[in-house]
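Q: Following this message is one structure expressed as structure tokens.
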Amino acid sequence: MSPVAQDFEQWRENVSTAFVPLDAVSTGPSPFQGTLVSSTLGSLQLSEVAGREVDVRRTRATIKRADPGLIKVGLQLTGRGTLVQNDREAVLEPGDFAVYDTSAPYDLHFVGDFEMFVVMFPRDALRIDSRELTTVAARRIEGDHGVGALVSPFLFNLRRNAADGTLPTTPMLENAVLDLLCAALDDAAPHDAPGSTLLIEAKSLVESQLSDPTLSTASIAARLHISTRYLQKLFESDGRTVAGWIRSRRLDRCHRDLRDPRFAADTIGTICARHGLIDSSNFSKLFKETYGMSPREYRVG
């Protein structure tokens with residue numbers, strides 16, 4: 001079904017309803033026409049929005065009206081868009097994309113006809129902390145360079161599947177989208193601070209060793225040939241502890257596996273042990289503290 005063209009008032013209301021409360025101003029001399037269509041993929045909302053000469057703003061006033069803690073990734077399909085957040089500006093050409101945080105003010109400017117594909121999801125689905133998010137928000141990720149050259153075509157295909165109704169519903173696809181976006185944001189983040197490369201190496205080591213129940217601050221430091229104190233300071237600069245990062249990554253892996261059809265026959269104890277959490281009762285306690293429900297409730301929900 002083709003999207004139905006809307007006048008400006010309809011479009012402005014629909015955009016605020018589909019995303020978060022926004023202010024919008026039509027800036028062109030000709031009558032505005034726009035469209036908006038949305039679908040879902042697990043916790044992800046996939047939207048294709050089109051229009052012409054318009055400014056869209058997320059202000060402190062609209063944040064006070066509703067702040068659900070969402071992240072948006074905008075892929076420019078046609079035309080040119082400019083995203084401004086955290087005193088940073090990203091000019092997006094077709095194929096480029098950028099991330100922005102709905103909990104902070106931002107502006108979107110479109111000077112001509114445009115189409116944008118927007119992926120929106122809960123803040124806690126993105127495996128970066130607030131400081132990292134601030135550094136990558138409103139950074140242009142080029143669709144023909146680096147990791148962006150892998151992610152951009154993937155998002156184009158995701159948009160096409162959503163538009164023609166052939167979008168798979170497997171949780172694996174939702175996870176793949178989030179993993180690719182995390183990789184692209186990590187590639188776009190500035191890594192010129194002292195120790196930043198070593199921190200990335202430490203996190204990569206954690207990812208590869210999560211199944212080892214003996215994984216610890218000391219074992220990681222030994223593998224990197226640094227002191228435990230220095231390793232702790234690296235993670236502290238990132239707003240975390242080493243143990244906290246290991247725990248959060250293990251919980252995230254378990255959280256995914258509990259809804260993955262491939263592991264439907266596995267017990268909860270098997271799943272948590274697979275990712276290094278051998279005390280199933282403690283795992284259940286941590287899981288409920290983190291996600292607001294027990295592993296069993298989440299699995300059948």
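Ordered as shown in the structure tokens, chains take letters A, B, and onward, while each chain numbers its residues from 1 and ligands are numbered from 1 in the order shown.
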Could you write out, as a PyMOL selection string, all the residues of range 65-233 of chain A that DSSP marks as helix (DSSP H, G or I)?
A: chain A and resi 65+123-125+130-136+148-164+171-188+196-209+217-224+228-233
Q: With only C-alpha atoms as the basis for distance, which of A:Asp164, A:Glu115, A:Asp260, A:Asp279 is at the shortest distance from Gly42 in chain A?
A: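 Among A:Asp164, A:Glu115, A:Asp260, A:Asp279, it is A:Asp260 that comes nearest to Gly42 in chain A.
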Q: Would you mind telling me which residue in A:Ala176, A:Leu77, A:Leu258, A:Ala222 lies nearest to Glu93 in chain A when using only C-alpha atoms?
A: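 Between A:Ala176, A:Leu77, A:Leu258, A:Ala222, the residue approaching Glu93 in chain A most closely is A:Leu77.
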Q: Pick out the residues sitting within 7 Å of Leu108 in chain A, and hand them over as a ChimeraX atom specification; count only C-alpha atoms, and ignore anything fewer than 5 positions along from it in its own chain.
A: /A:55-57,81-84
Q: Work out how far CA of Tyr100 in chain A is from CA of Val73 in chain A, in Å to one decimal.
A: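 Rounded to one decimal, the two atoms are 6.4 Å apart.
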Q: If you count only C-alpha atoms, which residues fall within 10 Å of range 281-298 of chain A, apart from same-chain ones fewer than 3 positions away, as a compact mmCIF listing (two decimals) with all heavy atoms, in the first residue's frame?
A:
```
# COMPACT_ATOMS: atom_id res chain seq x y z
N ASP A 124 18.19 1.65 26.38
CA ASP A 124 18.98 0.58 26.97
C ASP A 124 19.30 -0.54 25.99
O ASP A 124 20.04 -1.47 26.32
CB ASP A 124 18.31 0.02 28.23
CG ASP A 124 16.92 -0.54 27.97
OD1 ASP A 124 16.53 -0.68 26.80
OD2 ASP A 124 16.23 -0.86 28.96
N ARG A 247 29.28 -8.03 33.84
CA ARG A 247 27.94 -8.46 34.25
C ARG A 247 26.88 -7.99 33.26
O ARG A 247 25.98 -8.76 32.87
CB ARG A 247 27.64 -7.92 35.64
CG ARG A 247 26.30 -8.37 36.20
CD ARG A 247 26.14 -7.99 37.66
NE ARG A 247 26.30 -6.55 37.88
CZ ARG A 247 27.34 -6.02 38.52
NH1 ARG A 247 28.31 -6.77 38.98
NH2 ARG A 247 27.41 -4.71 38.69
N SER A 248 26.96 -6.74 32.83
CA SER A 248 25.94 -6.21 31.91
C SER A 248 25.98 -6.90 30.56
O SER A 248 24.94 -7.15 29.95
CB SER A 248 26.11 -4.69 31.74
OG SER A 248 27.29 -4.38 31.03
N ARG A 250 27.00 -10.03 30.03
CA ARG A 250 26.47 -11.37 30.20
C ARG A 250 24.94 -11.35 30.28
O ARG A 250 24.27 -12.19 29.67
CB ARG A 250 27.05 -11.99 31.48
CG ARG A 250 28.48 -12.48 31.30
CD ARG A 250 29.09 -12.96 32.59
NE ARG A 250 30.32 -13.73 32.34
CZ ARG A 250 31.25 -13.95 33.22
NH1 ARG A 250 31.14 -13.44 34.46
NH2 ARG A 250 32.32 -14.67 32.90
N LEU A 251 24.41 -10.39 31.02
CA LEU A 251 22.95 -10.29 31.13
C LEU A 251 22.33 -9.99 29.77
O LEU A 251 21.27 -10.53 29.44
CB LEU A 251 22.58 -9.20 32.14
CG LEU A 251 22.78 -9.55 33.61
CD1 LEU A 251 22.60 -8.32 34.48
CD2 LEU A 251 21.82 -10.65 34.04
N ASP A 252 22.97 -9.14 28.98
CA ASP A 252 22.45 -8.82 27.66
C ASP A 252 22.42 -10.07 26.77
O ASP A 252 21.44 -10.31 26.05
CB ASP A 252 23.30 -7.73 27.00
CG ASP A 252 22.76 -7.33 25.64
OD1 ASP A 252 21.69 -6.71 25.60
OD2 ASP A 252 23.41 -7.63 24.63
N CYS A 254 22.21 -13.20 27.76
CA CYS A 254 21.14 -14.07 28.27
C CYS A 254 19.76 -13.53 27.89
O CYS A 254 18.87 -14.30 27.50
CB CYS A 254 21.24 -14.19 29.79
SG CYS A 254 22.74 -15.02 30.37
N HIS A 255 19.60 -12.22 27.98
CA HIS A 255 18.35 -11.57 27.63
C HIS A 255 17.96 -11.90 26.19
O HIS A 255 16.80 -12.20 25.88
CB HIS A 255 18.52 -10.06 27.82
CG HIS A 255 17.28 -9.25 27.62
ND1 HIS A 255 17.03 -8.55 26.46
CD2 HIS A 255 16.21 -9.04 28.43
CE1 HIS A 255 15.88 -7.93 26.56
NE2 HIS A 255 15.36 -8.21 27.75
N LEU A 258 17.09 -15.86 25.72
CA LEU A 258 15.82 -16.30 26.30
C LEU A 258 14.65 -16.15 25.32
O LEU A 258 13.64 -16.84 25.46
CB LEU A 258 15.52 -15.51 27.58
CG LEU A 258 16.34 -15.91 28.80
CD1 LEU A 258 16.17 -14.90 29.92
CD2 LEU A 258 15.94 -17.31 29.28
N ARG A 259 14.78 -15.26 24.36
CA ARG A 259 13.72 -15.08 23.36
C ARG A 259 14.10 -15.65 21.99
O ARG A 259 13.33 -15.54 21.05
CB ARG A 259 13.40 -13.58 23.21
CG ARG A 259 12.58 -13.00 24.36
CD ARG A 259 11.12 -13.39 24.23
NE ARG A 259 10.30 -12.83 25.30
CZ ARG A 259 9.72 -11.64 25.25
NH1 ARG A 259 9.89 -10.86 24.19
NH2 ARG A 259 8.97 -11.21 26.24
N THR A 267 17.27 -24.93 29.11
CA THR A 267 16.78 -24.42 30.39
C THR A 267 17.40 -23.05 30.65
O THR A 267 18.41 -22.67 30.05
CB THR A 267 17.16 -25.37 31.53
OG1 THR A 267 18.59 -25.38 31.67
CG2 THR A 267 16.66 -26.78 31.26
N ILE A 268 16.79 -22.34 31.58
CA ILE A 268 17.33 -21.03 31.96
C ILE A 268 18.73 -21.20 32.54
O ILE A 268 19.64 -20.40 32.27
CB ILE A 268 16.39 -20.33 32.96
CG1 ILE A 268 15.08 -19.95 32.26
CG2 ILE A 268 17.06 -19.10 33.56
CD1 ILE A 268 14.02 -19.39 33.18
N GLY A 269 18.94 -22.28 33.31
CA GLY A 269 20.26 -22.54 33.88
C GLY A 269 21.31 -22.78 32.81
O GLY A 269 22.45 -22.32 32.93
N CYS A 272 22.15 -19.25 31.15
CA CYS A 272 22.99 -18.33 31.93
C CYS A 272 24.40 -18.92 32.10
O CYS A 272 25.38 -18.18 32.07
CB CYS A 272 22.36 -17.98 33.27
SG CYS A 272 22.14 -19.33 34.44
N ALA A 273 24.52 -20.26 32.23
CA ALA A 273 25.84 -20.86 32.35
C ALA A 273 26.63 -20.70 31.06
O ALA A 273 27.86 -20.57 31.09
CB ALA A 273 25.70 -22.34 32.70
N LEU A 277 27.52 -17.27 33.81
CA LEU A 277 26.79 -17.04 35.05
C LEU A 277 26.33 -18.39 35.58
O LEU A 277 25.27 -18.90 35.22
CB LEU A 277 25.59 -16.11 34.80
CG LEU A 277 25.96 -14.69 34.36
CD1 LEU A 277 24.73 -13.95 33.83
CD2 LEU A 277 26.58 -13.92 35.51
N ILE A 278 27.15 -18.99 36.45
CA ILE A 278 26.89 -20.36 36.86
C ILE A 278 25.95 -20.47 38.05
O ILE A 278 25.45 -21.55 38.35
CB ILE A 278 28.22 -21.08 37.17
CG1 ILE A 278 29.01 -20.32 38.23
CG2 ILE A 278 29.05 -21.24 35.91
CD1 ILE A 278 30.30 -21.01 38.64
N GLY A 301 6.71 -14.17 28.09
CA GLY A 301 5.95 -12.94 27.85
C GLY A 301 5.73 -12.65 26.38
O GLY A 301 6.34 -13.24 25.52
```
